[in-house]
file run.tsv (TSV, C-alpha atoms and all ligand atoms)
chain	number	residue	atom	x	y	z
L	16	MET	CA	-51.08	74.27	21.83
L	17	ALA	CA	-51.10	74.12	25.60
L	18	GLN	CA	-53.90	72.11	27.14
L	19	ASP	CA	-56.57	73.98	29.05
L	20	TYR	CA	-55.60	74.07	32.73
L	21	TYR	CA	-59.13	73.12	33.82
L	22	ASP	CA	-58.94	70.06	31.57
L	23	VAL	CA	-55.51	69.17	32.93
L	24	LEU	CA	-56.89	69.03	36.46
L	25	GLY	CA	-60.22	67.62	35.30
L	26	VAL	CA	-62.38	70.26	36.98
L	27	GLN	CA	-65.21	72.52	35.82
L	28	ARG	CA	-64.56	76.20	35.11
L	29	GLY	CA	-66.65	77.16	38.13
L	30	ALA	CA	-64.88	74.76	40.52
L	31	SER	CA	-64.12	76.03	44.02
L	32	GLN	CA	-60.51	76.54	45.17
L	33	ASP	CA	-61.07	73.58	47.44
L	34	ASP	CA	-62.13	71.35	44.54
L	35	ILE	CA	-59.09	72.48	42.57
L	36	LYS	CA	-56.81	71.58	45.45
L	37	LYS	CA	-58.51	68.21	45.81
L	38	ALA	CA	-58.25	67.54	42.08
L	39	PHE	CA	-54.56	68.41	42.18
L	40	ARG	CA	-53.93	66.02	45.05
L	41	LYS	CA	-55.84	63.27	43.28
L	42	LYS	CA	-53.87	63.75	40.06
L	43	ALA	CA	-50.62	63.82	41.98
L	44	HIS	CA	-51.64	60.53	43.62
L	45	GLU	CA	-52.21	59.01	40.21
L	46	LEU	CA	-48.62	59.87	39.37
L	47	HIS	CA	-47.35	57.66	42.17
L	48	PRO	CA	-44.21	55.82	41.00
L	49	ASP	CA	-45.99	52.49	41.51
L	50	LYS	CA	-48.51	53.54	38.92
L	51	GLY	CA	-45.87	54.50	36.40
L	52	GLY	CA	-45.37	58.10	37.54
L	53	ASP	CA	-44.66	60.40	34.63
L	54	ALA	CA	-42.57	63.53	35.22
L	55	ASN	CA	-44.05	65.35	32.22
L	56	ALA	CA	-47.59	64.65	33.32
L	57	PHE	CA	-46.78	65.85	36.79
L	58	LYS	CA	-45.22	68.97	35.34
L	59	ARG	CA	-48.43	69.78	33.45
L	60	VAL	CA	-50.60	69.11	36.50
L	61	ASN	CA	-48.35	71.24	38.66
L	62	GLU	CA	-48.30	74.05	36.10
L	63	ALA	CA	-52.10	74.03	35.98
L	64	TYR	CA	-52.35	74.00	39.75
L	65	GLN	CA	-49.92	76.87	40.16
L	66	VAL	CA	-52.23	79.03	38.12
L	67	LEU	CA	-55.67	77.73	39.12
L	68	GLY	CA	-54.71	77.21	42.75
L	69	ASP	CA	-53.96	80.90	43.09
L	70	GLU	CA	-57.10	83.03	42.89
L	71	LYS	CA	-55.36	86.04	41.38
L	72	LYS	CA	-53.59	84.03	38.69
L	73	ARG	CA	-56.74	82.05	38.05
L	74	ALA	CA	-58.69	85.28	37.38
L	75	THR	CA	-55.99	86.39	34.92
L	76	TYR	CA	-56.07	82.98	33.23
L	77	ASP	CA	-59.86	83.07	32.95
L	78	ARG	CA	-59.65	86.45	31.16
L	79	PHE	CA	-56.58	86.01	28.96
L	80	GLY	CA	-55.89	82.27	28.81
L	81	HIS	CA	-52.40	80.83	28.38
L	82	ALA	CA	-51.14	83.96	26.64
L	83	ALA	CA	-51.01	85.73	29.99
L	84	PHE	CA	-48.48	83.21	31.26
L	85	GLN	CA	-46.29	82.61	28.26
L	86	GLY	CA	-44.33	85.83	27.91
L	87	GLY	CA	-40.90	84.22	28.26
L	88	GLY	CA	-41.87	81.04	26.47
L	89	GLY	CA	-38.93	78.74	27.01
L	90	PRO	CA	-38.86	75.46	25.06
L	91	SER	CA	-40.94	73.88	27.75
L	92	GLY	CA	-43.51	76.65	27.48
L	93	PHE	CA	-42.94	76.92	31.16
L	94	GLY	CA	-41.00	80.12	31.57
L	95	GLY	CA	-42.30	83.63	31.62
L	96	PHE	CA	-44.29	83.69	34.77
L	97	ASP	CA	-43.47	83.98	38.35
L	98	MET	CA	-42.69	80.58	39.79
L	99	ASN	CA	-43.80	80.51	43.33
L	100	GLY	CA	-42.81	76.92	43.70
L	101	ILE	CA	-44.89	74.11	45.03
L	102	ASN	CA	-45.71	74.22	48.63
L	103	MET	CA	-45.05	70.67	49.72
L	104	ASP	CA	-47.55	71.06	52.55
L	105	ASP	CA	-50.30	71.15	49.91
L	106	LEU	CA	-49.25	67.63	49.09
L	107	GLY	CA	-49.11	66.17	52.56
L	108	ASP	CA	-47.57	62.68	52.41
L	109	LEU	CA	-47.23	63.04	48.69
L	110	GLY	CA	-44.42	65.48	49.19
L	111	ASP	CA	-42.12	62.61	50.04
L	112	VAL	CA	-43.39	60.39	47.26
L	113	ILE	CA	-43.02	63.04	44.60
L	114	GLY	CA	-39.74	64.14	46.08
L	115	SER	CA	-38.25	60.66	45.79
L	116	MET	CA	-39.82	60.23	42.37
L	117	PHE	CA	-38.13	63.25	40.85
L	118	GLY	CA	-35.01	63.17	42.92
L	119	PHE	CA	-35.23	65.94	45.44
L	120	GLY	CA	-35.80	65.92	49.13
L	121	GLY	CA	-39.41	66.54	49.90
L	122	GLY	CA	-41.48	66.55	52.98
L	123	GLY	CA	-41.83	69.00	55.78
L	124	ARG	CA	-40.99	66.43	58.41
L	125	SER	CA	-37.51	65.84	59.65
L	126	ARG	CA	-36.69	62.25	58.91
L	127	ALA	CA	-35.06	60.28	61.70
L	128	HIS	CA	-31.76	58.62	60.91
L	129	ARG	CA	-31.94	54.86	60.58
L	130	GLY	CA	-29.00	52.49	60.58
L	131	ARG	CA	-28.43	50.20	57.66
L	132	ASP	CA	-29.83	46.68	57.66
L	133	ALA	CA	-27.13	44.06	57.70
L	134	GLU	CA	-27.07	40.43	56.72
L	135	THR	CA	-25.06	37.36	57.51
L	136	THR	CA	-25.26	33.63	56.83
L	137	VAL	CA	-25.08	30.70	59.24
L	138	THR	CA	-24.85	27.02	58.37
L	139	VAL	CA	-26.47	24.43	60.63
L	140	SER	CA	-26.60	20.67	60.40
L	141	PHE	CA	-29.70	18.86	59.18
L	142	LEU	CA	-30.57	17.58	62.65
L	143	ASP	CA	-29.89	20.95	64.34
L	144	ALA	CA	-32.36	22.51	61.92
L	145	VAL	CA	-34.90	19.81	62.81
L	146	LYS	CA	-34.45	20.15	66.57
L	147	GLY	CA	-33.59	23.86	66.80
L	148	THR	CA	-30.33	25.17	68.20
L	149	ARG	CA	-28.43	28.28	69.23
L	150	GLN	CA	-25.55	29.51	67.18
L	151	SER	CA	-22.93	32.19	67.71
L	152	VAL	CA	-22.75	34.65	64.85
L	153	ALA	CA	-19.86	37.08	64.56
L	154	THR	CA	-20.73	40.43	63.01
L	155	ARG	CA	-18.65	43.48	62.26
L	156	LEU	CA	-21.06	46.36	62.24
L	157	GLN	CA	-21.42	49.99	63.07
L	158	ALA	CA	-22.52	50.09	66.71
L	159	ARG	CA	-23.64	52.75	69.13
L	160	CYS	CA	-20.64	54.40	70.81
L	161	ALA	CA	-20.37	53.16	74.39
L	162	HIS	CA	-18.22	56.10	75.51
L	163	CYS	CA	-20.89	58.75	74.84
L	164	GLN	CA	-23.97	56.47	74.70
L	165	GLY	CA	-24.42	57.54	71.11
L	166	LYS	CA	-24.87	61.21	71.98
L	167	GLY	CA	-21.68	62.29	70.23
L	168	ALA	CA	-20.69	64.58	73.09
L	169	GLU	CA	-17.68	63.95	75.29
L	170	PRO	CA	-19.21	62.93	78.63
L	171	GLY	CA	-19.38	65.94	80.95
L	172	SER	CA	-19.09	68.53	78.20
L	173	LYS	CA	-21.67	71.28	77.90
L	174	THR	CA	-23.97	71.73	74.92
L	175	ALA	CA	-24.58	74.95	73.02
L	176	THR	CA	-27.45	76.04	70.79
L	177	CYS	CA	-26.73	75.18	67.17
L	178	SER	CA	-25.65	78.32	65.32
L	179	GLN	CA	-26.68	77.04	61.88
L	180	CYS	CA	-30.39	76.57	62.67
L	181	ARG	CA	-30.51	78.70	65.83
L	182	GLY	CA	-31.81	75.75	67.78
L	183	ALA	CA	-34.74	74.87	65.50
L	184	GLY	CA	-33.15	71.65	64.23
L	185	LYS	CA	-34.34	72.36	60.68
L	186	TYR	CA	-34.55	75.09	58.12
L	187	ALA	CA	-36.31	75.90	54.86
L	188	GLN	CA	-34.44	75.22	51.66
L	189	THR	CA	-35.34	76.21	48.12
L	190	GLN	CA	-34.36	73.86	45.30
L	191	ARG	CA	-34.54	74.36	41.56
L	192	THR	CA	-36.23	71.39	39.87
L	193	PRO	CA	-37.38	70.65	36.30
L	194	PHE	CA	-40.75	72.10	37.14
L	195	GLY	CA	-39.92	75.09	39.24
L	196	MET	CA	-38.60	76.03	42.60
L	197	ILE	CA	-39.50	73.71	45.41
L	198	GLN	CA	-39.41	74.86	48.95
L	199	SER	CA	-38.85	72.15	51.50
L	200	VAL	CA	-37.87	71.90	55.13
L	201	VAL	CA	-34.63	70.04	55.73
L	202	THR	CA	-33.03	68.72	58.87
L	203	CYS	CA	-30.11	70.84	60.03
L	204	SER	CA	-26.85	69.20	58.97
L	205	ALA	CA	-24.85	70.74	61.80
L	206	CYS	CA	-26.90	69.44	64.74
L	207	HIS	CA	-28.77	66.63	62.91
L	208	GLY	CA	-32.10	67.97	64.06
L	209	SER	CA	-31.39	68.15	67.77
L	210	GLY	CA	-30.97	71.96	67.83
L	211	SER	CA	-27.91	71.78	70.04
L	212	VAL	CA	-24.26	70.91	69.51
L	213	PRO	CA	-21.77	69.63	72.09
L	214	GLU	CA	-18.94	71.95	73.01
L	215	LYS	CA	-16.61	68.97	72.95
L	216	THR	CA	-17.28	66.03	70.61
L	217	CYS	CA	-16.75	62.47	71.84
L	218	ARG	CA	-13.15	61.41	71.39
L	219	THR	CA	-14.08	57.81	70.63
L	220	CYS	CA	-16.58	58.36	67.83
L	221	HIS	CA	-15.66	61.94	66.87
L	222	GLY	CA	-19.20	63.09	67.47
L	223	THR	CA	-21.03	60.61	65.24
L	224	GLY	CA	-22.24	58.47	68.15
L	225	VAL	CA	-21.24	55.28	66.35
L	226	TYR	CA	-18.17	53.20	65.65
L	227	VAL	CA	-17.50	49.89	63.96
L	228	GLU	CA	-17.11	46.93	66.28
L	229	THR	CA	-16.98	43.16	66.10
L	230	ARG	CA	-19.79	41.62	68.04
L	231	THR	CA	-20.82	38.03	68.64
L	232	LEU	CA	-24.52	37.37	68.75
L	233	ASP	CA	-26.19	34.29	70.11
L	234	VAL	CA	-28.84	33.53	67.50
L	235	GLU	CA	-31.70	31.19	68.23
L	236	ILE	CA	-32.34	28.88	65.29
L	237	PRO	CA	-35.93	27.65	65.62
L	238	ALA	CA	-36.79	23.97	65.18
L	239	GLY	CA	-38.04	23.29	61.67
L	240	ILE	CA	-36.13	26.04	59.89
L	241	GLY	CA	-35.49	25.24	56.25
L	242	ASP	CA	-32.51	25.82	53.99
L	243	GLY	CA	-32.60	29.35	52.58
L	244	GLU	CA	-34.88	30.78	55.24
L	245	THR	CA	-34.03	34.04	56.95
L	246	ILE	CA	-34.27	35.08	60.58
L	247	LYS	CA	-34.84	38.79	61.16
L	248	LEU	CA	-33.29	40.28	64.27
L	249	THR	CA	-34.97	43.63	64.72
L	250	GLY	CA	-32.64	46.43	65.79
L	251	GLN	CA	-29.51	44.27	65.57
L	252	GLY	CA	-28.27	45.81	62.34
L	253	GLU	CA	-26.09	48.88	62.10
L	254	ALA	CA	-26.55	51.64	64.66
L	255	ALA	CA	-27.50	54.98	63.16
L	256	PRO	CA	-25.33	58.01	63.71
L	257	HIS	CA	-26.69	60.77	65.92
L	258	GLN	CA	-28.94	58.55	68.02
L	259	GLY	CA	-31.16	57.28	65.21
L	260	THR	CA	-32.90	53.93	65.02
L	261	SER	CA	-30.76	50.85	64.46
L	262	GLY	CA	-31.28	48.79	61.33
L	263	ASP	CA	-32.19	45.10	61.38
L	264	LEU	CA	-29.95	42.08	60.99
L	265	TYR	CA	-31.04	39.37	58.56
L	266	VAL	CA	-29.53	35.97	59.28
L	267	HIS	CA	-29.75	33.67	56.27
L	268	VAL	CA	-29.78	30.01	57.27
L	269	ARG	CA	-28.15	27.25	55.25
L	270	VAL	CA	-29.01	23.72	56.29
L	271	GLY	CA	-26.52	20.94	55.64
L	272	SER	CA	-27.52	17.63	54.09
L	273	HIS	CA	-27.83	14.32	55.95
L	274	GLN	CA	-26.57	10.98	54.74
L	275	ARG	CA	-29.84	9.21	55.58
L	276	PHE	CA	-32.61	11.83	55.62
L	277	ARG	CA	-33.92	14.18	52.96
L	278	ARG	CA	-36.44	16.89	53.53
L	279	GLU	CA	-39.52	17.61	51.42
L	280	GLY	CA	-41.53	20.43	52.92
L	281	ASN	CA	-42.07	19.31	56.49
L	282	ASP	CA	-41.75	15.62	55.68
L	283	VAL	CA	-38.60	13.59	56.16
L	284	MET	CA	-37.85	10.97	53.51
L	285	SER	CA	-35.55	8.00	53.89
L	286	ASP	CA	-34.81	4.62	52.35
L	287	GLU	CA	-34.46	1.44	54.38
L	288	ALA	CA	-33.94	-2.19	53.49
L	289	ALA	CA	-35.51	-5.32	54.98
L	290	PRO	CA	-34.87	-9.04	54.31
L	291	LEU	CA	-37.06	-10.78	51.72
L	292	THR	CA	-38.81	-12.81	54.42
L	293	ALA	CA	-40.15	-9.62	56.04
L	294	PHE	CA	-41.98	-8.87	52.80
L	295	LEU	CA	-43.29	-12.41	52.41
L	296	LEU	CA	-44.17	-13.21	56.00
L	297	GLY	CA	-44.59	-9.74	57.53
L	298	GLY	CA	-42.86	-8.58	60.69
L	299	VAL	CA	-41.39	-5.66	62.55
L	300	VAL	CA	-38.55	-3.75	60.93
L	301	ALA	CA	-36.47	-1.20	62.90
L	302	VAL	CA	-35.92	2.09	61.01
L	303	GLU	CA	-34.09	5.33	61.79
L	304	THR	CA	-36.06	8.58	62.32
L	305	VAL	CA	-35.00	12.07	63.41
L	306	ASP	CA	-36.14	11.04	66.91
L	307	GLY	CA	-34.15	7.80	66.90
L	308	ARG	CA	-35.21	4.23	66.20
L	309	ALA	CA	-38.79	3.38	65.35
L	310	ASP	CA	-40.51	0.08	64.64
L	311	LEU	CA	-42.25	-0.40	61.34
L	312	SER	CA	-45.00	-3.04	61.17
L	313	VAL	CA	-44.72	-4.72	57.79
L	314	PRO	CA	-47.80	-6.75	56.80
L	315	PRO	CA	-47.33	-10.13	55.07
L	316	GLY	CA	-47.23	-9.87	51.29
L	317	THR	CA	-45.77	-6.36	51.18
L	318	ARG	CA	-44.22	-5.38	47.85
L	319	PRO	CA	-40.62	-4.15	47.92
L	320	GLY	CA	-40.53	-0.37	47.37
L	321	THR	CA	-43.66	0.24	49.49
L	322	VAL	CA	-43.68	3.62	51.24
L	323	PHE	CA	-44.58	3.60	54.94
L	324	LYS	CA	-45.78	6.74	56.66
L	325	LEU	CA	-44.75	7.48	60.23
L	326	ARG	CA	-47.30	10.14	61.06
L	327	GLY	CA	-46.08	13.18	63.01
L	328	GLN	CA	-42.46	12.05	63.03
L	329	GLY	CA	-41.29	14.58	60.49
L	330	ILE	CA	-40.27	18.21	60.90
L	331	GLN	CA	-41.78	20.73	63.28
L	332	PHE	CA	-43.92	23.37	61.50
L	333	LEU	CA	-42.09	26.67	61.84
L	334	ARG	CA	-45.11	28.87	62.37
L	335	SER	CA	-47.65	26.56	63.96
L	336	ARG	CA	-47.97	23.52	66.17
L	337	GLY	CA	-47.55	20.07	64.75
L	338	ARG	CA	-45.06	18.17	62.67
L	339	GLY	CA	-44.81	16.68	59.24
L	340	ASP	CA	-44.52	12.92	58.59
L	341	HIS	CA	-41.64	10.58	57.99
L	342	LEU	CA	-41.94	8.57	54.78
L	343	VAL	CA	-39.84	5.43	54.60
L	344	THR	CA	-39.39	3.60	51.33
L	345	LEU	CA	-38.76	-0.04	52.21
L	346	HIS	CA	-36.50	-1.84	49.76
L	347	ALA	CA	-35.81	-5.56	49.65
L	348	ASP	CA	-32.39	-6.59	50.83
L	349	MET	CA	-31.62	-8.83	47.88
L	350	PRO	CA	-28.73	-11.18	48.69
L	351	LYS	CA	-25.97	-11.14	46.07
L	352	LYS	CA	-24.86	-14.68	46.98
L	353	LEU	CA	-26.82	-17.52	48.61
L	354	THR	CA	-25.36	-20.15	50.91
L	355	ARG	CA	-25.73	-23.74	49.90
L	356	GLU	CA	-28.49	-24.18	52.51
L	357	GLN	CA	-30.41	-21.04	51.43
L	358	LYS	CA	-30.18	-22.16	47.85
L	359	LYS	CA	-31.62	-25.57	48.66
L	360	LEU	CA	-34.55	-24.11	50.63
L	361	ILE	CA	-35.38	-21.64	47.87
L	362	ASP	CA	-35.23	-24.44	45.35
L	363	ASP	CA	-37.79	-26.27	47.49
L	364	LEU	CA	-39.97	-23.10	47.53
L	365	LYS	CA	-39.72	-23.00	43.76
L	366	GLY	CA	-41.10	-26.54	43.71
L	367	LEU	CA	-44.02	-25.24	45.81
L	368	GLY	CA	-44.83	-22.60	43.17
L	369	LEU	CA	-43.23	-19.57	44.92
G	1	ZN	ZN	-18.98	58.60	71.19
G	2	ZN	ZN	-28.78	72.89	63.82
call {"tool": "encode", "arguments": {"input": "run.tsv", "output": "structure tokens", "more": "lines below"}}
Ligand SMILES: [Zn+2]
Ligand SMILES: [Zn+2]
result
Amino acid sequence: MAQDYYDVLGVQRGASQDDIKKAFRKKAHELHPDKGGDANAFKRVNEAYQVLGDEKKRATYDRFGHAAFQGGGGPSGFGGFDMNGINMDDLGDLGDVIGSMFGFGGGGRSRAHRGRDAETTVTVSFLDAVKGTRQSVATRLQARCAHCQGKGAEPGSKTATCSQCRGAGKYAQTQRTPFGMIQSVVTCSACHGSGSVPEKTCRTCHGTGVYVETRTLDVEIPAGIGDGETIKLTGQGEAAPHQGTSGDLYVHVRVGSHQRFRREGNDVMSDEAAPLTAFLLGGVVAVETVDGRADLSVPPGTRPGTVFKLRGQGIQFLRSRGRGDHLVTLHADMPKKLTREQKKLIDDLKGLGL
């Protein structure tokens, strides 16, 4: 048995036309694809709205119930009454959402063309990523036609009013969908919404306003960028045909490894070795950092394997001021072989309880 239309929309029998419209919009919102949009549920809501949203049909429904609308009675229980179709304007923004959800073009607005986003990968050295650099990146992308400035018309040729849309740039189109006829406004395919067509199309791009070209971009790689991060270059992707907006270019960055340094977050890690005496007696040990040599003060009695922190000598934060630290693990340079003299002195130390 078909569900009561008032129940479907969740309104009282005495609800105003305005309330019914509001209830319909709310239900349609609930069927947003992100919330697990359900075509059957939408179909029921739409069916109820088509009847209750029309005062004449609503009056008939109030008197005779579903029977008045089920003469034809197809398997869906949907046939048999005049399908006016959904007016997408009743749905506002939802027209697009529902359109994309059920696979037909919705919306009363003409959608501007947008070029595709493109992506490419660059590899930089460890130290270039630390310091920042510029890198040339070759791309082969659809670009705006230079001959016609993307207009698609041969320079100097006249334009004529588009015969397909009579200059309006768009026209109404009726589509059959699982839940009735949908009327929507579509952008004219002959003039791409501009309302006029050139008398002579550009001989370079054949009227599309774009052509594929190889282009070299100078990409700035910011200091501190990490392996696997992406730089977005707005508007540097593919140009859109017919003077649309260009897409974006995403540059994925790979950072090479370094024989001495490793990166952990914004900290640089390294291992260094110092003679045994530096651990016993203390002293200054020279170590390598991303900025060059630095002196490490080793206190007497330091254990081999101690980690020293060089504050602020790590990697530049990408999105704020400041730098990470450099952590040096100091290992003991254990001699494999002792000279006769070293051996004698150490023997003496042994006698002193060391
Ligand atoms: Zn051209
Ligand atoms: Zn047109």
call {"tool": "atom_distance", "arguments": {"input": "run.tsv", "atom1": "CA of Thr223 (chain L)", "atom2": "CA of Lys166 (chain L)"}}
result
7.8 Å
call {"tool": "atom_distance", "arguments": {"input": "run.tsv", "atom1": "CA of Ala54 (chain L)", "atom2": "CA of Lys71 (chain L)"}}
result
26.6 Å
call {"tool": "residues_near_point", "arguments": {"input": "run.tsv", "point": "(-31.4, 27.7, 52.6)", "cutoff": "10 Å", "atoms": "all atoms listed in the file", "output": "list in words"}}
result
Thr136, Val137, Thr138, Val139, Ile240, Gly241, Asp242, Gly243, Glu244, Thr245, His267, Val268, Arg269, Val270 and Gly271 of chain L
call {"tool": "atom_distance", "arguments": {"input": "run.tsv", "atom1": "CA of Lys146 (chain L)", "atom2": "CA of Val299 (chain L)"}}
result
27.0 Å
call {"tool": "residues_near_ligand", "arguments": {"input": "run.tsv", "ligand": "ligand ZN 1 (chain G)", "cutoff": "7 Å", "atoms": "only C-alpha atoms and all ligand atoms", "output": "list in words"}}
result
Cys160, Ala161, His162, Cys163, Gln164, Gly165, Lys166, Gly167, Ala168, Glu169, Cys217, Arg218, Thr219, Cys220, His221, Gly222, Thr223, Gly224 and Val225 of chain L
call {"tool": "residues_near_ligand", "arguments": {"input": "run.tsv", "ligand": "ligand ZN 2 (chain G)", "cutoff": "9 Å", "atoms": "all atoms listed in the file", "output": "list in words"}}
result
Thr176, Cys177, Ser178, Gln179, Cys180, Arg181, Gly182, Ala183, Gly184, Lys185, Tyr186, Thr202, Cys203, Ser204, Ala205, Cys206, His207, Gly208, Ser209, Gly210, Ser211 and Val212 of chain L
call {"tool": "closest_residue", "arguments": {"input": "run.tsv", "among": "L:Gly259, L:Pro170, L:Pro314, L:Gly329", "to": "Ala293 (chain L)", "atoms": "all atoms listed in the file"}}
result
L:Pro314
call {"tool": "closest_residue", "arguments": {"input": "run.tsv", "among": "L:Tyr64, L:Phe294, L:Tyr265, L:Phe276", "to": "Val145 (chain L)", "atoms": "only C-alpha atoms"}}
result
L:Phe276
call {"tool": "residues_near_point", "arguments": {"input": "run.tsv", "point": "(-32.3, 13.1, 53.8)", "cutoff": "12 Å", "atoms": "only C-alpha atoms", "output": "number ranges by chain"}}
result
L: 140-142, 145, 270-287, 303-305, 329-330, 341-343
call {"tool": "residues_around", "arguments": {"input": "run.tsv", "residues": "Gly316 (chain L)", "least_positions_apart": "4", "cutoff": "8 Å", "atoms": "all atoms listed in the file", "output": "list of chain:residue names"}}
result
L:Phe294, L:Leu295, L:Leu296, L:Gly297
call {"tool": "closest_residue", "arguments": {"input": "run.tsv", "among": "L:Gly327, L:Pro319, L:Gly29, L:Gly195", "to": "Asp77 (chain L)", "atoms": "all atoms listed in the file"}}
result
L:Gly29
call {"tool": "residues_around", "arguments": {"input": "run.tsv", "residues": "Glu228 (chain L)", "least_positions_apart": "6", "cutoff": "10 Å", "atoms": "all atoms listed in the file", "output": "list in words"}}
result
Thr154, Arg155, Leu156, Gln157, Ala158, Arg159 and Cys160 of chain L
call {"tool": "write_last_selection", "arguments": {"input": "run.tsv", "atoms": "C-alpha atoms", "output": "PDB file, in the frame of the given file"}}
result
ATOM      1  CA  THR L 154     -20.730  40.430  63.010  1.00  0.00           C
ATOM      2  CA  ARG L 155     -18.650  43.480  62.260  1.00  0.00           C
ATOM      3  CA  LEU L 156     -21.060  46.360  62.240  1.00  0.00           C
ATOM      4  CA  GLN L 157     -21.420  49.990  63.070  1.00  0.00           C
ATOM      5  CA  ALA L 158     -22.520  50.090  66.710  1.00  0.00           C
ATOM      6  CA  ARG L 159     -23.640  52.750  69.130  1.00  0.00           C
ATOM      7  CA  CYS L 160     -20.640  54.400  70.810  1.00  0.00           C
TER       8      CYS L 160
END
call {"tool": "closest_residue", "arguments": {"input": "run.tsv", "among": "L:Val152, L:Thr216, L:Gly298, L:Ile246", "to": "Thr229 (chain L)", "atoms": "all atoms listed in the file"}}
result
L:Val152
call {"tool": "axis_aligned_box", "arguments": {"input": "run.tsv", "around": "region 62-67 of chain L", "padding_each_side": "6 Å", "output": "lines of an AutoDock Vina configuration file"}}
result
center_x = -52.0
center_y = 76.5
center_z = 38.1
size_x = 19.4
size_y = 17.0
size_z = 16.2
call {"tool": "residues_around", "arguments": {"input": "run.tsv", "residues": "Gln32 (chain L)", "least_positions_apart": "6", "cutoff": "8 Å", "atoms": "only C-alpha atoms", "output": "JSON, numbers by chain"}}
result
{"L": [67, 68, 70]}
call {"tool": "residues_around", "arguments": {"input": "run.tsv", "residues": "Gln188 (chain L)", "least_positions_apart": "5", "cutoff": "7 Å", "atoms": "only C-alpha atoms", "output": "PyMOL selection string"}}
result
chain L and resi 198-201
